[in-house]
$ cat upload_12.txt   # compact mmCIF, C-alpha atoms and all ligand atoms
# COMPACT_ATOMS: atom_id res chain seq x y z
CA MET A 18 67.90 108.29 100.76
CA PHE A 19 67.67 111.50 98.74
CA LYS A 20 66.04 110.84 95.35
CA ILE A 21 68.50 111.44 92.52
CA PRO A 22 66.92 111.28 89.02
CA GLU A 23 68.54 108.52 86.98
CA THR A 24 68.85 110.96 84.08
CA HIS A 25 71.20 113.18 86.10
CA PRO A 26 74.57 113.27 84.25
CA ARG A 27 76.41 112.52 87.50
CA TYR A 28 73.88 109.98 88.81
CA GLU A 29 76.37 107.26 89.79
CA SER A 30 78.67 109.64 91.61
CA LEU A 31 75.78 111.23 93.51
CA MET A 32 74.43 107.79 94.47
CA LYS A 33 77.78 106.94 96.04
CA ARG A 34 77.40 110.01 98.25
CA GLU A 35 73.92 108.82 99.24
CA LYS A 36 75.28 105.37 100.14
CA LEU A 37 77.91 106.95 102.38
CA VAL A 38 75.37 109.21 104.09
CA GLU A 39 73.23 106.10 104.68
CA GLY A 40 76.34 104.35 106.01
CA ILE A 41 76.83 107.12 108.54
CA GLU A 42 73.17 107.01 109.56
CA ALA A 43 73.42 103.23 110.02
CA GLY A 44 76.53 103.64 112.17
CA ILE A 45 78.86 101.78 109.79
CA THR A 46 80.75 104.67 108.15
CA SER A 47 82.79 107.28 110.02
CA LYS A 48 82.11 110.98 109.46
CA GLN A 49 85.73 111.26 108.41
CA GLY A 50 84.83 108.78 105.68
CA LEU A 51 83.00 111.58 103.86
CA ILE A 52 86.17 113.67 103.74
CA ALA A 53 88.18 110.70 102.49
CA HIS A 54 85.55 110.08 99.82
CA GLY A 55 85.69 113.72 98.72
CA ARG A 56 89.39 113.33 98.07
CA GLY A 57 88.67 110.19 96.09
CA GLU A 58 85.97 111.95 94.06
CA ALA A 59 88.42 114.66 93.01
CA PHE A 60 90.76 112.03 91.57
CA ASP A 61 87.85 110.16 90.00
CA TYR A 62 86.95 113.37 88.17
CA LEU A 63 90.50 113.55 86.82
CA ILE A 64 90.46 109.97 85.58
CA GLY A 65 87.05 110.50 83.93
CA GLU A 66 85.07 108.27 86.34
CA LYS A 67 85.99 105.17 84.37
CA THR A 68 88.60 102.43 84.61
CA LEU A 69 91.95 103.38 83.08
CA ASP A 70 94.06 100.87 81.09
CA SER A 71 96.68 101.05 83.84
CA ALA A 72 94.06 100.03 86.40
CA ARG A 73 93.08 97.08 84.18
CA ARG A 74 96.71 95.94 84.10
CA ALA A 75 96.91 96.23 87.89
CA THR A 76 93.67 94.28 88.21
CA GLU A 77 95.04 91.45 86.05
CA PHE A 78 98.07 91.13 88.28
CA ALA A 79 96.03 91.44 91.48
CA ALA A 80 93.73 88.66 90.25
CA SER A 81 96.73 86.37 89.66
CA LEU A 82 98.06 87.12 93.14
CA LEU A 83 94.71 86.35 94.74
CA LEU A 84 94.32 83.12 92.76
CA ALA A 85 97.81 81.98 93.72
CA ALA A 86 97.45 82.98 97.39
CA LYS A 87 97.47 80.32 100.10
CA LYS A 88 95.73 82.55 102.61
CA PRO A 89 94.11 85.63 101.11
CA VAL A 90 92.17 88.04 103.35
CA ILE A 91 89.99 91.03 102.45
CA SER A 92 90.13 94.01 104.81
CA VAL A 93 86.88 95.98 105.14
CA ASN A 94 86.46 99.48 106.57
CA GLY A 95 83.46 101.77 106.98
CA ASN A 96 83.64 103.25 103.46
CA VAL A 97 84.05 99.88 101.76
CA ALA A 98 81.10 98.44 103.74
CA ALA A 99 78.86 101.32 102.63
CA LEU A 100 79.96 101.41 98.99
CA ALA A 101 80.74 97.85 98.03
CA ALA A 102 79.45 95.29 100.56
CA ARG A 103 77.98 93.04 97.89
CA GLU A 104 81.19 93.07 95.86
CA VAL A 105 83.50 92.19 98.78
CA ILE A 106 81.17 89.36 99.78
CA GLU A 107 81.09 87.99 96.22
CA LEU A 108 84.87 88.16 95.98
CA SER A 109 85.27 86.54 99.39
CA ASN A 110 83.13 83.60 98.25
CA LEU A 111 84.88 83.37 94.90
CA ILE A 112 88.41 83.05 96.31
CA ASN A 113 87.43 81.61 99.68
CA ALA A 114 88.94 84.51 101.65
CA PRO A 115 87.60 85.77 104.96
CA LEU A 116 86.49 89.38 105.31
CA GLU A 117 88.14 91.17 108.22
CA VAL A 118 86.51 94.30 109.58
CA ASN A 119 89.44 96.56 110.31
CA ILE A 120 88.88 100.25 110.87
CA PHE A 121 90.97 103.30 111.60
CA TYR A 122 88.43 105.24 113.71
CA ARG A 123 87.74 102.15 115.76
CA SER A 124 84.82 101.69 118.08
CA GLU A 125 83.59 98.23 119.02
CA GLU A 126 80.05 99.30 118.18
CA ARG A 127 80.99 100.28 114.61
CA VAL A 128 82.92 97.01 114.13
CA ARG A 129 79.83 95.09 115.25
CA LYS A 130 77.55 97.09 112.95
CA ILE A 131 79.81 96.58 109.92
CA LYS A 132 79.96 92.85 110.68
CA GLU A 133 76.16 92.67 110.98
CA HIS A 134 75.77 94.68 107.77
CA LEU A 135 78.00 92.24 105.87
CA GLU A 136 76.12 89.27 107.30
CA LYS A 137 72.76 90.82 106.40
CA GLN A 138 74.04 91.26 102.84
CA GLY A 139 74.84 87.55 102.70
CA ALA A 140 78.32 87.02 104.17
CA GLU A 141 78.73 83.76 106.08
CA VAL A 142 79.03 84.47 109.81
CA GLU A 143 82.25 82.47 110.27
CA LYS A 144 83.82 84.30 107.33
CA VAL A 145 83.64 87.75 108.95
CA LEU A 146 86.51 88.43 111.34
CA GLY A 147 87.62 91.56 113.16
CA ASP A 148 85.44 91.72 116.25
CA LYS A 149 87.89 89.79 118.40
CA PRO A 150 91.37 91.07 117.45
CA ASN A 151 94.08 88.97 119.10
CA ALA A 152 97.28 90.08 117.33
CA ARG A 153 99.04 93.32 116.35
CA ILE A 154 100.83 94.51 113.23
CA PRO A 155 104.30 95.47 114.48
CA GLY A 156 105.30 99.12 114.34
CA ILE A 157 101.77 100.57 114.10
CA GLU A 158 100.34 102.66 116.94
CA HIS A 159 96.76 103.17 115.73
CA ALA A 160 93.75 100.87 115.84
CA ARG A 161 94.31 99.32 112.42
CA ALA A 162 97.21 97.46 113.98
CA ARG A 163 94.70 95.29 115.85
CA VAL A 164 94.00 92.23 113.72
CA ASP A 165 92.92 88.63 113.87
CA ARG A 166 95.72 86.06 114.11
CA GLU A 167 93.83 83.79 111.70
CA GLY A 168 93.05 86.67 109.38
CA ILE A 169 95.23 89.61 108.30
CA TYR A 170 98.05 88.66 110.69
CA SER A 171 98.80 85.33 109.03
CA ALA A 172 97.56 86.13 105.48
CA ASP A 173 100.01 85.92 102.59
CA VAL A 174 97.98 88.27 100.36
CA VAL A 175 95.88 91.10 101.79
CA LEU A 176 93.39 93.02 99.68
CA ALA A 177 92.99 96.31 101.54
CA PRO A 178 90.88 98.89 99.71
CA LEU A 179 91.27 102.46 101.07
CA GLU A 180 94.18 101.47 103.27
CA ASP A 181 96.41 103.66 105.45
CA GLY A 182 99.90 104.29 104.09
CA ASP A 183 101.81 103.36 107.24
CA ARG A 184 99.95 100.10 107.74
CA CYS A 185 100.34 99.20 104.08
CA GLU A 186 104.07 99.64 104.53
CA ALA A 187 104.04 97.55 107.73
CA LEU A 188 102.12 94.73 106.05
CA VAL A 189 104.63 94.66 103.18
CA GLU A 190 107.42 94.72 105.80
CA MET A 191 105.86 91.56 107.30
CA GLY A 192 106.38 89.85 103.94
CA LYS A 193 102.80 90.05 102.72
CA LYS A 194 101.65 90.99 99.26
CA VAL A 195 99.31 93.94 99.57
CA ILE A 196 96.74 94.83 96.94
CA THR A 197 95.14 98.19 97.41
CA ILE A 198 92.37 100.10 95.69
CA ASP A 199 92.86 103.85 95.97
CA LEU A 200 91.81 106.61 93.58
CA ASN A 201 94.83 108.67 94.59
CA PRO A 202 97.92 107.50 92.66
CA LEU A 203 100.09 109.76 94.85
CA SER A 204 99.00 108.39 98.22
CA ARG A 205 101.51 106.63 100.46
CA THR A 206 99.30 103.55 100.24
CA SER A 207 99.42 103.49 96.44
CA ARG A 208 103.18 103.92 96.46
CA HIS A 209 103.89 101.25 99.08
CA ALA A 210 101.51 98.50 97.95
CA THR A 211 102.64 95.48 95.94
CA VAL A 212 99.91 96.35 93.47
CA SER A 213 97.75 99.48 93.50
CA ILE A 214 94.54 99.61 91.56
CA VAL A 215 93.84 103.30 90.97
CA ASP A 216 90.09 103.19 90.52
CA ASP A 217 86.85 103.61 92.42
CA VAL A 218 86.39 100.79 94.91
CA GLU A 219 83.13 99.50 93.46
CA ARG A 220 84.33 99.55 89.84
CA ALA A 221 87.66 97.96 90.82
CA LEU A 222 86.05 95.12 92.77
CA LYS A 223 83.60 94.39 89.93
CA ASN A 224 86.51 94.21 87.48
CA LEU A 225 88.54 92.03 89.84
CA ILE A 226 85.63 89.60 90.17
CA SER A 227 85.18 89.32 86.42
CA VAL A 228 88.92 88.90 85.74
CA ILE A 229 89.11 86.15 88.38
CA ARG A 230 86.11 84.41 86.84
CA GLU A 231 87.75 84.62 83.39
CA LYS A 232 91.10 83.34 84.66
CA ARG A 233 89.39 80.47 86.45
CA GLY A 234 87.69 79.58 83.20
CA GLU A 235 90.92 79.58 81.21
CA LYS A 236 92.66 76.26 80.73
CA GLY A 237 96.26 76.12 81.87
CA VAL A 238 96.21 79.68 83.15
CA GLU A 239 99.45 80.85 84.67
CA LEU A 240 98.62 81.50 88.27
CA ALA A 241 101.67 82.51 90.15
CA PRO A 242 103.65 85.45 88.84
CA THR A 243 105.88 86.93 91.54
CA SER A 244 105.79 90.58 92.58
CA GLY A 245 109.15 91.00 90.77
CA GLU A 246 107.34 90.67 87.46
CA TYR A 247 105.17 93.65 88.18
CA ASP A 248 106.46 97.17 88.66
CA ASN A 249 103.92 99.04 90.75
CA LYS A 250 105.74 102.38 90.59
CA GLU A 251 105.95 102.13 86.80
CA ASN A 252 102.23 101.42 86.60
CA LEU A 253 101.52 104.46 88.80
CA ARG A 254 103.54 106.58 86.36
CA GLU A 255 101.28 105.21 83.61
CA VAL A 256 98.23 106.33 85.63
CA ILE A 257 99.55 109.90 85.75
CA LYS A 258 100.38 109.79 82.02
CA GLU A 259 96.86 108.61 81.24
CA ILE A 260 95.40 111.46 83.32
CA VAL A 261 97.60 114.03 81.55
CA ASN A 262 96.78 112.61 78.09
CA ARG A 263 93.10 112.70 78.86
CA LEU A 264 93.29 116.35 79.88
CA LYS A 265 95.27 117.14 76.72
CA GLU A 266 92.72 115.36 74.53
CA LYS A 267 90.01 117.47 76.11
CA ASP A 268 92.09 120.56 75.35
CA LEU A 269 92.27 121.41 79.05
CA ILE A 270 96.05 121.66 79.20
O1 LIG A 301 86.12 103.19 108.50
P1 LIG A 301 87.46 103.67 108.97
O2 LIG A 301 87.43 104.15 110.40
O3 LIG A 301 88.54 102.66 108.76
O4 LIG A 301 87.86 104.95 108.09
C1 LIG A 301 88.01 104.81 106.69
C2 LIG A 301 88.74 106.04 106.09
C3 LIG A 301 88.68 105.89 104.57
C4 LIG A 301 88.00 107.30 106.52
C5 LIG A 301 90.20 106.06 106.60
O5 LIG A 301 90.84 104.87 106.26
C6 LIG A 301 90.97 107.25 106.08
O6 LIG A 301 91.04 108.31 106.69
O7 LIG A 301 91.52 107.05 104.88
P2 LIG A 301 92.50 108.12 104.13
O8 LIG A 301 93.84 108.07 104.76
O9 LIG A 301 91.80 109.42 103.99
O10 LIG A 301 92.63 107.46 102.72
C7 LIG A 301 91.54 107.17 101.94
C8 LIG A 301 92.03 107.04 100.49
O11 LIG A 301 90.99 106.42 99.77
C9 LIG A 301 92.32 108.39 99.82
O12 LIG A 301 93.59 108.32 99.18
C10 LIG A 301 91.20 108.53 98.77
O13 LIG A 301 91.68 109.09 97.57
C11 LIG A 301 90.79 107.09 98.54
N1 LIG A 301 89.37 106.94 98.22
C12 LIG A 301 88.32 107.62 98.72
N2 LIG A 301 87.16 107.18 98.20
C13 LIG A 301 87.47 106.18 97.35
C14 LIG A 301 88.89 106.02 97.36
N3 LIG A 301 89.51 105.10 96.62
C15 LIG A 301 88.73 104.30 95.85
N4 LIG A 301 87.38 104.39 95.79
C16 LIG A 301 86.73 105.32 96.52
N5 LIG A 301 85.39 105.39 96.44

$ encode --input "upload_12.txt" --output "structure tokens"
Amino acid sequence: MFKIPETHPRYESLMKREKLVEGIEAGITSKQGLIAHGRGEAFDYLIGEKTLDSARRATEFAASLLLAAKKPVISVNGNVAALAAREVIELSNLINAPLEVNIFYRSEERVRKIKEHLEKQGAEVEKVLGDKPNARIPGIEHARARVDREGIYSADVVLAPLEDGDRCEALVEMGKKVITIDLNPLSRTSRHATVSIVDDVERALKNLISVIREKRGEKGVELAPTSGEYDNKENLREVIKEIVNRLKEKDLI
């Protein structure tokens, strides 16, 4: 790993790049993952590399959905495995949800390596699915359609960070609640999800974990709001407003 001085003003952002490069070298991240991350970085710059209030609201709702879920599943791709393995494992244990390795640029070798990486980081072997897909998401031609019948296929709530827009739509079409984490508020994924958290994947997962811990600790917490009580498109408009206001405050527009 290239040594980045901790005093560098963009230390955290540069370390994410290093993690992805390491992910590629370890065979868990796709090369295309770097391009996808670059797009994410551009949006992160616009939001100021910190969690917006709108993302906090989305996180609150996502936490309630996950706590009320009967069968939650967390989808893991090559970028998520490189950037936030520890966080997805912690969340999986917290809400008792399996992790399902599910990748767009699929190769069986990369699926195996991601699975092994998660297990090395502490995931329980029986909790990591995805290496033996035995069902398909209807209407999707690419590899992310291939899922586990006991995992994404039969889940009622799917947390899918850095998802593909068409599959997000197909999962919603199947009647599932889809929570996504995507720095791009304009992406098809963000627009189609039940709840979109517009934030960096590592920050968003850390926030989700702490909100779930807080809600668990609360007495008599209301656990089951329906998706009707949350307007995802309205929250995405708030994201854009927050970005614009931030740029105005900085006298950039
Ligand atoms: O491992 P694989 O084969 O499944 O491939 C994973 C990628 C991410 C390469 C694949 O799913 C892909 O091509 O994704 P897209 O369609 O480029 O979408 C990725 C989205 O994630 C973009 O909208 C980015 O803005 C967003 N994004 C990138 N990095 C981050 C992010 N969102 C949150 N946190 C990030 N660190």

$ closest_residue --input "upload_12.txt" --among "A:Asp181, A:Glu104, A:Glu158, A:Asp268" --to "A:Asn224" --atoms "only C-alpha atoms"
A:Glu104

$ residues_near_ligand --input "upload_12.txt" --ligand "ligand LIG 301 (chain A)" --cutoff "8 Å" --atoms "only C-alpha atoms and all ligand atoms" --output "PyMOL selection string"
chain A and resi 33+45-60+93-97+100+119-123+161+178-182+198-204+206+215-219

$ write_last_selection --input "upload_12.txt" --atoms "C-alpha atoms" --output "tab-separated table (two decimals), in the frame of the given file"
chain	number	residue	atom	x	y	z
A	33	LYS	CA	77.78	106.94	96.04
A	45	ILE	CA	78.86	101.78	109.79
A	46	THR	CA	80.75	104.67	108.15
A	47	SER	CA	82.79	107.28	110.02
A	48	LYS	CA	82.11	110.98	109.46
A	49	GLN	CA	85.73	111.26	108.41
A	50	GLY	CA	84.83	108.78	105.68
A	51	LEU	CA	83.00	111.58	103.86
A	52	ILE	CA	86.17	113.67	103.74
A	53	ALA	CA	88.18	110.70	102.49
A	54	HIS	CA	85.55	110.08	99.82
A	55	GLY	CA	85.69	113.72	98.72
A	56	ARG	CA	89.39	113.33	98.07
A	57	GLY	CA	88.67	110.19	96.09
A	58	GLU	CA	85.97	111.95	94.06
A	59	ALA	CA	88.42	114.66	93.01
A	60	PHE	CA	90.76	112.03	91.57
A	93	VAL	CA	86.88	95.98	105.14
A	94	ASN	CA	86.46	99.48	106.57
A	95	GLY	CA	83.46	101.77	106.98
A	96	ASN	CA	83.64	103.25	103.46
A	97	VAL	CA	84.05	99.88	101.76
A	100	LEU	CA	79.96	101.41	98.99
A	119	ASN	CA	89.44	96.56	110.31
A	120	ILE	CA	88.88	100.25	110.87
A	121	PHE	CA	90.97	103.30	111.60
A	122	TYR	CA	88.43	105.24	113.71
A	123	ARG	CA	87.74	102.15	115.76
A	161	ARG	CA	94.31	99.32	112.42
A	178	PRO	CA	90.88	98.89	99.71
A	179	LEU	CA	91.27	102.46	101.07
A	180	GLU	CA	94.18	101.47	103.27
A	181	ASP	CA	96.41	103.66	105.45
A	182	GLY	CA	99.90	104.29	104.09
A	198	ILE	CA	92.37	100.10	95.69
A	199	ASP	CA	92.86	103.85	95.97
A	200	LEU	CA	91.81	106.61	93.58
A	201	ASN	CA	94.83	108.67	94.59
A	202	PRO	CA	97.92	107.50	92.66
A	203	LEU	CA	100.09	109.76	94.85
A	204	SER	CA	99.00	108.39	98.22
A	206	THR	CA	99.30	103.55	100.24
A	215	VAL	CA	93.84	103.30	90.97
A	216	ASP	CA	90.09	103.19	90.52
A	217	ASP	CA	86.85	103.61	92.42
A	218	VAL	CA	86.39	100.79	94.91
A	219	GLU	CA	83.13	99.50	93.46

$ closest_residue --input "upload_12.txt" --among "A:Met32, A:Ile64, A:Met18, A:Val90" --to "A:Leu264" --atoms "all atoms listed in the file"
A:Ile64

$ residues_around --input "upload_12.txt" --residues "A:Ile229" --least-positions-apart "5" --cutoff "9 Å" --atoms "all atoms listed in the file" --output "CSV table (one decimal) with C-alpha atoms, in the coordinates of the input"
chain,number,residue,atom,x,y,z
A,77,GLU,CA,95.0,91.4,86.0
A,80,ALA,CA,93.7,88.7,90.2
A,81,SER,CA,96.7,86.4,89.7
A,83,LEU,CA,94.7,86.4,94.7
A,84,LEU,CA,94.3,83.1,92.8
A,108,LEU,CA,84.9,88.2,96.0
A,111,LEU,CA,84.9,83.4,94.9
A,112,ILE,CA,88.4,83.0,96.3
A,224,ASN,CA,86.5,94.2,87.5
A,234,GLY,CA,87.7,79.6,83.2

$ residues_around --input "upload_12.txt" --residues "A:Asn110" --least-positions-apart "6" --cutoff "12 Å" --atoms "only C-alpha atoms" --output "count of residues only"
14

$ closest_residue --input "upload_12.txt" --among "A:Lys232, A:Arg166, A:His25, A:Lys67" --to "A:Ile154" --atoms "all atoms listed in the file"
A:Arg166

$ atom_distance --input "upload_12.txt" --atom1 "atom CA of A:Ser124" --atom2 "atom CA of A:Leu222"
26.2 Å

$ residues_near_point --input "upload_12.txt" --point "(100.6, 86.2, 103.6)" --cutoff "7 Å" --atoms "only C-alpha atoms" --output "list in words"
Lys88, Pro89, Ser171, Ala172, Asp173, Val174, Gly192, Lys193 and Lys194 of chain A

$ atom_distance --input "upload_12.txt" --atom1 "atom CA of A:Ile131" --atom2 "atom CA of A:Val118"
7.1 Å

$ axis_aligned_box --input "upload_12.txt" --around "stretch 252-258 of chain A" --padding-each-side "5 Å" --output "lines of an AutoDock Vina configuration file"
center_x = 100.9
center_y = 105.7
center_z = 85.4
size_x = 15.3
size_y = 18.5
size_z = 16.8

$ residues_around --input "upload_12.txt" --residues "A:Ile260" --least-positions-apart "5" --cutoff "9 Å" --atoms "all atoms listed in the file" --output "list in words"
Leu63, Ile64, Gly65, Leu69, Glu255 and Lys265 of chain A

$ atom_distance --input "upload_12.txt" --atom1 "atom CA of A:Lys149" --atom2 "atom CA of A:Val164"
8.1 Å

$ residues_near_point --input "upload_12.txt" --point "(86.6, 85.7, 113.4)" --cutoff "9 Å" --atoms "all atoms listed in the file" --output "list in words"
Pro115, Leu116, Glu117, Val142, Glu143, Lys144, Val145, Leu146, Gly147, Asp148, Lys149, Pro150, Asp165, Glu167 and Gly168 of chain A

$ closest_residue --input "upload_12.txt" --among "A:Lys20, A:Arg205, A:His134, A:Lys87" --to "A:Gly44" --atoms "only C-alpha atoms"
A:His134

$ build_atoms --input "upload_12.txt" --residues "stretch 143-162 of chain A" --atoms "N, CA, C and O atoms" --output "PDB file, in the coordinates of the input"
ATOM      1  N   GLU A 143      80.876  82.880 109.889  1.00  0.00           N
ATOM      2  CA  GLU A 143      82.250  82.470 110.270  1.00  0.00           C
ATOM      3  C   GLU A 143      83.317  83.073 109.349  1.00  0.00           C
ATOM      4  O   GLU A 143      84.513  82.980 109.623  1.00  0.00           O
ATOM      5  N   LYS A 144      82.850  83.703 108.268  1.00  0.00           N
ATOM      6  CA  LYS A 144      83.820  84.300 107.330  1.00  0.00           C
ATOM      7  C   LYS A 144      84.083  85.761 107.631  1.00  0.00           C
ATOM      8  O   LYS A 144      84.831  86.420 106.928  1.00  0.00           O
ATOM      9  N   VAL A 145      83.421  86.329 108.642  1.00  0.00           N
ATOM     10  CA  VAL A 145      83.640  87.750 108.950  1.00  0.00           C
ATOM     11  C   VAL A 145      84.389  87.872 110.272  1.00  0.00           C
ATOM     12  O   VAL A 145      83.867  87.573 111.343  1.00  0.00           O
ATOM     13  N   LEU A 146      85.646  88.279 110.159  1.00  0.00           N
ATOM     14  CA  LEU A 146      86.510  88.430 111.340  1.00  0.00           C
ATOM     15  C   LEU A 146      86.594  89.905 111.725  1.00  0.00           C
ATOM     16  O   LEU A 146      86.039  90.763 111.061  1.00  0.00           O
ATOM     17  N   GLY A 147      87.315  90.164 112.813  1.00  0.00           N
ATOM     18  CA  GLY A 147      87.620  91.560 113.160  1.00  0.00           C
ATOM     19  C   GLY A 147      87.039  92.024 114.469  1.00  0.00           C
ATOM     20  O   GLY A 147      87.451  93.039 115.001  1.00  0.00           O
ATOM     21  N   ASP A 148      86.055  91.267 114.993  1.00  0.00           N
ATOM     22  CA  ASP A 148      85.440  91.720 116.250  1.00  0.00           C
ATOM     23  C   ASP A 148      86.196  91.210 117.474  1.00  0.00           C
ATOM     24  O   ASP A 148      85.948  91.675 118.586  1.00  0.00           O
ATOM     25  N   LYS A 149      87.102  90.271 117.250  1.00  0.00           N
ATOM     26  CA  LYS A 149      87.890  89.790 118.400  1.00  0.00           C
ATOM     27  C   LYS A 149      89.383  89.814 118.044  1.00  0.00           C
ATOM     28  O   LYS A 149      90.016  88.768 117.912  1.00  0.00           O
ATOM     29  N   PRO A 150      89.958  91.012 117.854  1.00  0.00           N
ATOM     30  CA  PRO A 150      91.370  91.070 117.450  1.00  0.00           C
ATOM     31  C   PRO A 150      92.264  90.462 118.541  1.00  0.00           C
ATOM     32  O   PRO A 150      92.042  90.712 119.721  1.00  0.00           O
ATOM     33  N   ASN A 151      93.231  89.641 118.111  1.00  0.00           N
ATOM     34  CA  ASN A 151      94.080  88.970 119.100  1.00  0.00           C
ATOM     35  C   ASN A 151      95.555  88.998 118.664  1.00  0.00           C
ATOM     36  O   ASN A 151      96.366  88.198 119.108  1.00  0.00           O
ATOM     37  N   ALA A 152      95.882  89.924 117.762  1.00  0.00           N
ATOM     38  CA  ALA A 152      97.280  90.080 117.330  1.00  0.00           C
ATOM     39  C   ALA A 152      97.476  91.535 116.896  1.00  0.00           C
ATOM     40  O   ALA A 152      96.495  92.268 116.714  1.00  0.00           O
ATOM     41  N   ARG A 153      98.751  91.934 116.764  1.00  0.00           N
ATOM     42  CA  ARG A 153      99.040  93.320 116.350  1.00  0.00           C
ATOM     43  C   ARG A 153     100.031  93.339 115.200  1.00  0.00           C
ATOM     44  O   ARG A 153     100.963  92.528 115.169  1.00  0.00           O
ATOM     45  N   ILE A 154      99.841  94.284 114.297  1.00  0.00           N
ATOM     46  CA  ILE A 154     100.830  94.510 113.230  1.00  0.00           C
ATOM     47  C   ILE A 154     101.981  95.286 113.877  1.00  0.00           C
ATOM     48  O   ILE A 154     101.746  96.370 114.422  1.00  0.00           O
ATOM     49  N   PRO A 155     103.195  94.763 113.827  1.00  0.00           N
ATOM     50  CA  PRO A 155     104.300  95.470 114.480  1.00  0.00           C
ATOM     51  C   PRO A 155     104.554  96.849 113.895  1.00  0.00           C
ATOM     52  O   PRO A 155     104.414  97.049 112.682  1.00  0.00           O
ATOM     53  N   GLY A 156     104.892  97.791 114.786  1.00  0.00           N
ATOM     54  CA  GLY A 156     105.300  99.120 114.340  1.00  0.00           C
ATOM     55  C   GLY A 156     104.154 100.093 114.089  1.00  0.00           C
ATOM     56  O   GLY A 156     104.386 101.214 113.644  1.00  0.00           O
ATOM     57  N   ILE A 157     102.925  99.687 114.349  1.00  0.00           N
ATOM     58  CA  ILE A 157     101.770 100.570 114.100  1.00  0.00           C
ATOM     59  C   ILE A 157     101.108 100.909 115.433  1.00  0.00           C
ATOM     60  O   ILE A 157     100.779 100.019 116.216  1.00  0.00           O
ATOM     61  N   GLU A 158     100.899 102.222 115.655  1.00  0.00           N
ATOM     62  CA  GLU A 158     100.340 102.660 116.940  1.00  0.00           C
ATOM     63  C   GLU A 158      98.801 102.699 116.931  1.00  0.00           C
ATOM     64  O   GLU A 158      98.169 102.556 117.949  1.00  0.00           O
ATOM     65  N   HIS A 159      98.213 102.952 115.738  1.00  0.00           N
ATOM     66  CA  HIS A 159      96.760 103.170 115.730  1.00  0.00           C
ATOM     67  C   HIS A 159      95.977 101.863 115.632  1.00  0.00           C
ATOM     68  O   HIS A 159      96.550 100.778 115.526  1.00  0.00           O
ATOM     69  N   ALA A 160      94.639 102.031 115.685  1.00  0.00           N
ATOM     70  CA  ALA A 160      93.750 100.870 115.840  1.00  0.00           C
ATOM     71  C   ALA A 160      93.826  99.859 114.696  1.00  0.00           C
ATOM     72  O   ALA A 160      93.480  98.691 114.884  1.00  0.00           O
ATOM     73  N   ARG A 161      94.273 100.298 113.522  1.00  0.00           N
ATOM     74  CA  ARG A 161      94.310  99.320 112.420  1.00  0.00           C
ATOM     75  C   ARG A 161      95.397  98.278 112.616  1.00  0.00           C
ATOM     76  O   ARG A 161      95.461  97.302 111.880  1.00  0.00           O
ATOM     77  N   ALA A 162      96.214  98.485 113.650  1.00  0.00           N
ATOM     78  CA  ALA A 162      97.210  97.460 113.980  1.00  0.00           C
ATOM     79  C   ALA A 162      96.550  96.226 114.584  1.00  0.00           C
ATOM     80  O   ALA A 162      97.106  95.128 114.545  1.00  0.00           O
TER      81      ALA A 162
END
